[in-house]
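Trainee: Please find one structure pasted underneath; my questions will follow.
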Amino acid sequence: MREKKESFIINKEKINIAQTLKCGQIFSYRQISFNPDNFIIFSSNKKAEVYEMKEHYKICTDNVPYFQNFFDLETDYEKIKSILSKDKMLVKPIEFGGGIRILRQDLLEVIISFVFSANNNIKRITESLFALRQKFGKHYGDYEIFPSLKQLSEITAEQFKEIGAGYRAEQLVKLIEQLQKINFDELKHLSSDKILKKLIDLSGIGPKVADCILLFGFNRTDVFPVDTWIEKAFKNFYESDLKNTNHWSRAEIRKFLTERYGNLAGYAQQYLFNYQRNFHNRQII
DNA sequence: GCCCAGGGATGCG
DNA sequence: CGCATCCATGGG
């Protein structure tokens, strides 16, 4: 089977694709060629190639509408950034990562990916997820797609361990069983808090992973996932301004930052995560 | 050998 | 509730 190739253009003023891919929201992409701004992106059962031109990106794909939605080009980021920049803590993060957009990814892929992410690092997560595609995803054209829920349900804990899932293997098997009983179309109409509670009941999903699923899978921006990088950013940039300099738990940091940024919390989180990890710590890739 | 990585499950008070 | 401890795995 050979997929037909089409393409579309995105102006560089709308997005910085390298920043967008490297800010921790997605694991299924690779740099292609020597140009550090050329990528191949896999999402669910689709792929796109990104080529950097002088003033725009050329996106080559077998599914133009999917990737036009994927890059979320309609959201007014200039407005979001102008509001968030009024907070002095976000001025430099937005300056550094102002080309970031939060992608509209496939929900199932986000759920599975972020269960792998727990107490793990991005390099290992990426390798495990590519192995998951290659071993258990169906061959489609010249690449492997992300496994469907049915395909995932046939993977054993032993097989999850073979791709580096470690102690998350049993969690994943149990989770996939639970996912088959959930109606996600019903979930999509609930408030973020209510979805959060249902997600946390699932195997392998705690408060942080649930927040990531809400932000990247449900595109809810009123949540603020707190991981080790956000914890560091909080200590670096916020804690000195506070009266209570005792140790803040992740739950307390989350409450503080969601109340501070409201419906724009998710965007603020991405700018902060990116700034802490890719600028201050220089942990590129 | 220790510490860390986009933390979660479990048990104990 | 909050908290401590344990959990695979690879890199620094």
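Letters A, B, ... mark the chains of the structure tokens in the order given; residue numbers begin at 1 per chain; ligand numbers begin at 1, in order shown.
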Would you pick out the contacts of Leu172 of chain A at 8 Å or less, using only C-alpha atoms (C1' of nucleotides), so that residues sharing its chain but fewer than 4 positions from it are not included, and give the list as a PDB file with C-alpha atoms, in the first residue's frame?

Mentor:
```
ATOM      1  CA  ILE A 112       0.195   5.232  27.017  1.00  0.00           C
ATOM      2  CA  VAL A 115       2.511   6.168  31.676  1.00  0.00           C
ATOM      3  CA  ALA A 157       3.889  -7.739  30.707  1.00  0.00           C
ATOM      4  CA  PHE A 160       6.422  -4.578  27.757  1.00  0.00           C
ATOM      5  CA  ARG A 168       5.559  -0.129  34.550  1.00  0.00           C
ATOM      6  CA  ILE A 176      -5.086  -1.287  28.877  1.00  0.00           C
ATOM      7  CA  SER A 203      -3.420   1.873  36.783  1.00  0.00           C
ATOM      8  CA  GLY A 204      -0.155   3.731  36.276  1.00  0.00           C
TER       9      GLY A 204
END
```

Trainee: Compile the contact shell of DA5 of chain B as a list in words: residues with an atom at most 6 Å away, counting only C-alpha atoms (C1' of nucleotides), same-chain residues fewer than 2 positions apart removed.

Mentor: Asn119, Asn120 and Asn121 of chain A

Trainee: Export, as a compact mmCIF listing (two decimals), in the first residue's frame, the selected residues with all heavy atoms.

Mentor:
```
# COMPACT_ATOMS: atom_id res chain seq x y z
N ASN A 119 8.83 8.61 36.30
CA ASN A 119 10.16 8.32 36.85
C ASN A 119 11.10 7.80 35.78
O ASN A 119 11.78 6.79 35.97
CB ASN A 119 10.04 7.30 37.99
CG ASN A 119 11.29 7.24 38.85
OD1 ASN A 119 12.06 8.20 38.90
ND2 ASN A 119 11.49 6.13 39.52
N ASN A 120 11.10 8.45 34.64
CA ASN A 120 11.85 8.00 33.47
C ASN A 120 12.45 9.24 32.82
O ASN A 120 12.16 10.35 33.22
CB ASN A 120 10.87 7.28 32.53
CG ASN A 120 11.55 6.26 31.65
OD1 ASN A 120 12.76 6.29 31.46
ND2 ASN A 120 10.75 5.36 31.10
N ASN A 121 13.31 9.06 31.83
CA ASN A 121 13.82 10.24 31.14
C ASN A 121 13.42 10.21 29.66
O ASN A 121 13.10 9.15 29.11
CB ASN A 121 15.34 10.37 31.30
CG ASN A 121 16.09 9.20 30.74
OD1 ASN A 121 16.07 8.97 29.53
ND2 ASN A 121 16.74 8.44 31.60
```

Trainee: Pull the helix (DSSP H, G or I) assignments for segment 137-190 of chain A out of DSSP run on the backbone, and list those residues as a ChimeraX atom specification.

Mentor: /A:149-152,157-162,168-179,184-187

Trainee: Kindly provide, as a PyMOL selection string, the residues of chain A having any atom no farther than 8 Å from an atom of chain B, counting only C-alpha atoms (C1' of nucleotides).

Mentor: chain A and resi 24+117-122+204-206+208-209+227-229

Trainee: What are the residues of chain C lining chain A at 9 Å or less? Count only C-alpha atoms (C1' of nucleotides), and put the answer as an MDAnalysis selection string.

Mentor: chainID C and resid 7:10

Trainee: Those same residues - C-alpha atoms (C1' of nucleotides) - I'd like them written as a PDB file, in the first residue's frame.

Mentor:
```pdb
ATOM      1  C1'  DC C   7      10.102   0.209  42.264  1.00  0.00           C
ATOM      2  C1'  DA C   8      13.394  -1.141  36.601  1.00  0.00           C
ATOM      3  C1'  DT C   9      16.680   0.936  33.799  1.00  0.00           C
ATOM      4  C1'  DG C  10      20.390   3.564  31.671  1.00  0.00           C
TER       5       DG C  10
END
```

Trainee: Can you tell me, as a list of chain:residue names, which residues in segment 38-164 of chain A count as strand (DSSP E) by DSSP?

Mentor: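 Those in segment 38-164 of chain A that DSSP calls strand (DSSP E) are A:Phe39, A:Ile40, A:Ile41, A:Phe42, A:Ser43, A:Lys46, A:Lys47, A:Ala48, A:Glu49, A:Val50, A:Tyr51, A:Glu52, A:His56, A:Tyr57, A:Lys58, A:Ile59, A:Cys60, A:Thr61, A:His139, A:Tyr140, A:Tyr143, A:Glu144.
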
Trainee: Set the distance at 9 Å and use only C-alpha atoms (C1' of nucleotides): which residues neighbour segment 258-270 of chain A once local chain neighbours fewer than 3 positions away are removed? I'd like the list as a compact mmCIF listing (two decimals) with N, CA, C and O atoms, in the first residue's frame.

Mentor:
```
# COMPACT_ATOMS: atom_id res chain seq x y z
N CYS A 23 9.76 20.42 23.60
CA CYS A 23 9.36 20.92 24.93
C CYS A 23 8.69 19.85 25.76
O CYS A 23 8.06 20.14 26.77
N GLY A 24 8.83 18.59 25.37
CA GLY A 24 8.45 17.50 26.26
C GLY A 24 7.03 16.99 26.11
O GLY A 24 6.62 16.07 26.81
N GLN A 25 6.28 17.55 25.17
CA GLN A 25 4.88 17.13 25.04
C GLN A 25 4.73 15.91 24.13
O GLN A 25 3.71 15.24 24.19
N ILE A 80 -2.33 35.00 24.05
CA ILE A 80 -1.94 34.21 25.23
C ILE A 80 -0.62 34.71 25.79
O ILE A 80 -0.47 34.93 26.99
N LYS A 81 0.34 34.93 24.89
CA LYS A 81 1.67 35.35 25.35
C LYS A 81 1.64 36.76 25.92
O LYS A 81 2.36 37.05 26.88
N ILE A 83 -0.80 38.13 27.51
CA ILE A 83 -1.38 38.07 28.86
C ILE A 83 -0.37 37.46 29.85
O ILE A 83 -0.11 38.02 30.91
N LEU A 84 0.22 36.33 29.47
CA LEU A 84 1.13 35.64 30.40
C LEU A 84 2.40 36.46 30.64
O LEU A 84 3.01 36.36 31.70
N LEU A 90 7.38 34.84 33.77
CA LEU A 90 7.24 34.18 32.48
C LEU A 90 7.87 34.96 31.33
O LEU A 90 7.89 34.48 30.19
N PRO A 93 10.98 32.93 30.00
CA PRO A 93 10.53 31.67 29.38
C PRO A 93 9.81 31.87 28.06
O PRO A 93 10.00 31.10 27.11
N ILE A 94 9.00 32.93 27.96
CA ILE A 94 8.27 33.18 26.72
C ILE A 94 9.22 33.73 25.64
O ILE A 94 9.09 33.40 24.47
N GLY A 97 11.06 30.49 24.52
CA GLY A 97 10.27 29.44 23.85
C GLY A 97 8.99 29.95 23.23
O GLY A 97 7.97 29.25 23.19
N ILE A 100 6.50 27.96 20.81
CA ILE A 100 5.85 26.71 21.20
C ILE A 100 4.35 26.78 20.96
O ILE A 100 3.72 27.80 21.23
N ARG A 101 3.78 25.69 20.45
CA ARG A 101 2.34 25.47 20.48
C ARG A 101 2.07 24.13 21.12
O ARG A 101 2.86 23.20 20.97
N ILE A 102 0.95 24.03 21.82
CA ILE A 102 0.56 22.74 22.38
C ILE A 102 -0.17 21.96 21.30
O ILE A 102 -1.17 22.43 20.73
N LEU A 215 -3.77 17.91 29.55
CA LEU A 215 -3.20 19.00 28.76
C LEU A 215 -2.93 18.59 27.32
O LEU A 215 -3.31 19.29 26.38
N ASN A 219 -6.50 18.48 25.66
CA ASN A 219 -6.26 19.90 25.38
C ASN A 219 -6.96 20.82 26.37
O ASN A 219 -7.54 21.84 25.98
N ARG A 220 -6.88 20.44 27.65
CA ARG A 220 -7.38 21.30 28.72
C ARG A 220 -6.20 22.14 29.21
O ARG A 220 -5.18 21.58 29.65
N THR A 221 -6.36 23.45 29.18
CA THR A 221 -5.23 24.31 29.55
C THR A 221 -5.37 24.87 30.96
O THR A 221 -4.59 25.73 31.35
N ASP A 222 -6.35 24.38 31.72
CA ASP A 222 -6.52 24.84 33.10
C ASP A 222 -5.84 23.92 34.09
O ASP A 222 -6.22 23.85 35.25
N VAL A 223 -4.83 23.17 33.63
CA VAL A 223 -4.07 22.29 34.52
C VAL A 223 -2.59 22.62 34.42
O VAL A 223 -2.14 23.23 33.45
N PHE A 224 -1.84 22.22 35.44
CA PHE A 224 -0.41 22.54 35.49
C PHE A 224 0.36 21.32 35.98
O PHE A 224 0.56 21.14 37.18
N PRO A 225 0.79 20.44 35.07
CA PRO A 225 1.54 19.26 35.48
C PRO A 225 2.84 19.65 36.18
O PRO A 225 3.60 20.48 35.66
N VAL A 226 3.08 19.08 37.35
CA VAL A 226 4.29 19.38 38.11
C VAL A 226 5.20 18.16 38.15
O VAL A 226 4.87 17.16 38.77
N ILE A 230 9.63 21.21 36.68
CA ILE A 230 8.81 22.31 37.20
C ILE A 230 9.15 22.57 38.66
O ILE A 230 9.18 23.72 39.11
N ILE A 253 2.55 23.06 44.92
CA ILE A 253 3.04 23.83 43.78
C ILE A 253 1.97 23.88 42.69
O ILE A 253 1.71 24.93 42.09
N ARG A 254 1.33 22.74 42.45
CA ARG A 254 0.28 22.68 41.43
C ARG A 254 -0.86 23.65 41.77
O ARG A 254 -1.32 24.39 40.91
N LYS A 255 -1.30 23.64 43.02
CA LYS A 255 -2.40 24.51 43.43
C LYS A 255 -2.00 25.98 43.25
O LYS A 255 -2.75 26.78 42.70
N PHE A 273 8.54 24.72 31.67
CA PHE A 273 9.24 23.43 31.50
C PHE A 273 10.36 23.56 30.49
O PHE A 273 11.49 23.17 30.73
N ASN A 274 10.03 24.14 29.36
CA ASN A 274 11.01 24.31 28.28
C ASN A 274 12.18 25.17 28.73
O ASN A 274 13.34 24.85 28.45
N TYR A 275 11.90 26.23 29.44
CA TYR A 275 12.95 27.15 29.88
C TYR A 275 13.87 26.47 30.88
O TYR A 275 15.10 26.57 30.78
```

Trainee: Within 8 Å of Tyr29 of chain A, counting only C-alpha atoms (C1' of nucleotides), which residues qualify if same-chain residues fewer than 5 places away don't, as a PDB file with N, CA, C and O atoms, in the first residue's frame?

Mentor:
```pdb
ATOM      1  N   LEU A  21       8.398  20.605  19.310  1.00  0.00           N
ATOM      2  CA  LEU A  21       8.641  19.169  19.455  1.00  0.00           C
ATOM      3  C   LEU A  21       9.520  18.858  20.664  1.00  0.00           C
ATOM      4  O   LEU A  21       9.407  17.797  21.262  1.00  0.00           O
ATOM      5  N   PHE A  39      12.064  17.541  10.384  1.00  0.00           N
ATOM      6  CA  PHE A  39      11.654  16.442  11.251  1.00  0.00           C
ATOM      7  C   PHE A  39      10.709  15.500  10.533  1.00  0.00           C
ATOM      8  O   PHE A  39      10.053  15.877   9.551  1.00  0.00           O
ATOM      9  N   ILE A  40      10.630  14.283  11.070  1.00  0.00           N
ATOM     10  CA  ILE A  40       9.508  13.409  10.763  1.00  0.00           C
ATOM     11  C   ILE A  40       8.727  13.203  12.055  1.00  0.00           C
ATOM     12  O   ILE A  40       9.333  12.994  13.109  1.00  0.00           O
ATOM     13  N   ILE A  41       7.434  13.346  11.960  1.00  0.00           N
ATOM     14  CA  ILE A  41       6.576  13.241  13.139  1.00  0.00           C
ATOM     15  C   ILE A  41       5.598  12.098  12.932  1.00  0.00           C
ATOM     16  O   ILE A  41       4.981  11.991  11.863  1.00  0.00           O
ATOM     17  N   PHE A  42       5.469  11.251  13.935  1.00  0.00           N
ATOM     18  CA  PHE A  42       4.465  10.190  13.908  1.00  0.00           C
ATOM     19  C   PHE A  42       3.391  10.506  14.938  1.00  0.00           C
ATOM     20  O   PHE A  42       3.698  10.857  16.067  1.00  0.00           O
TER      21      PHE A  42
END
```
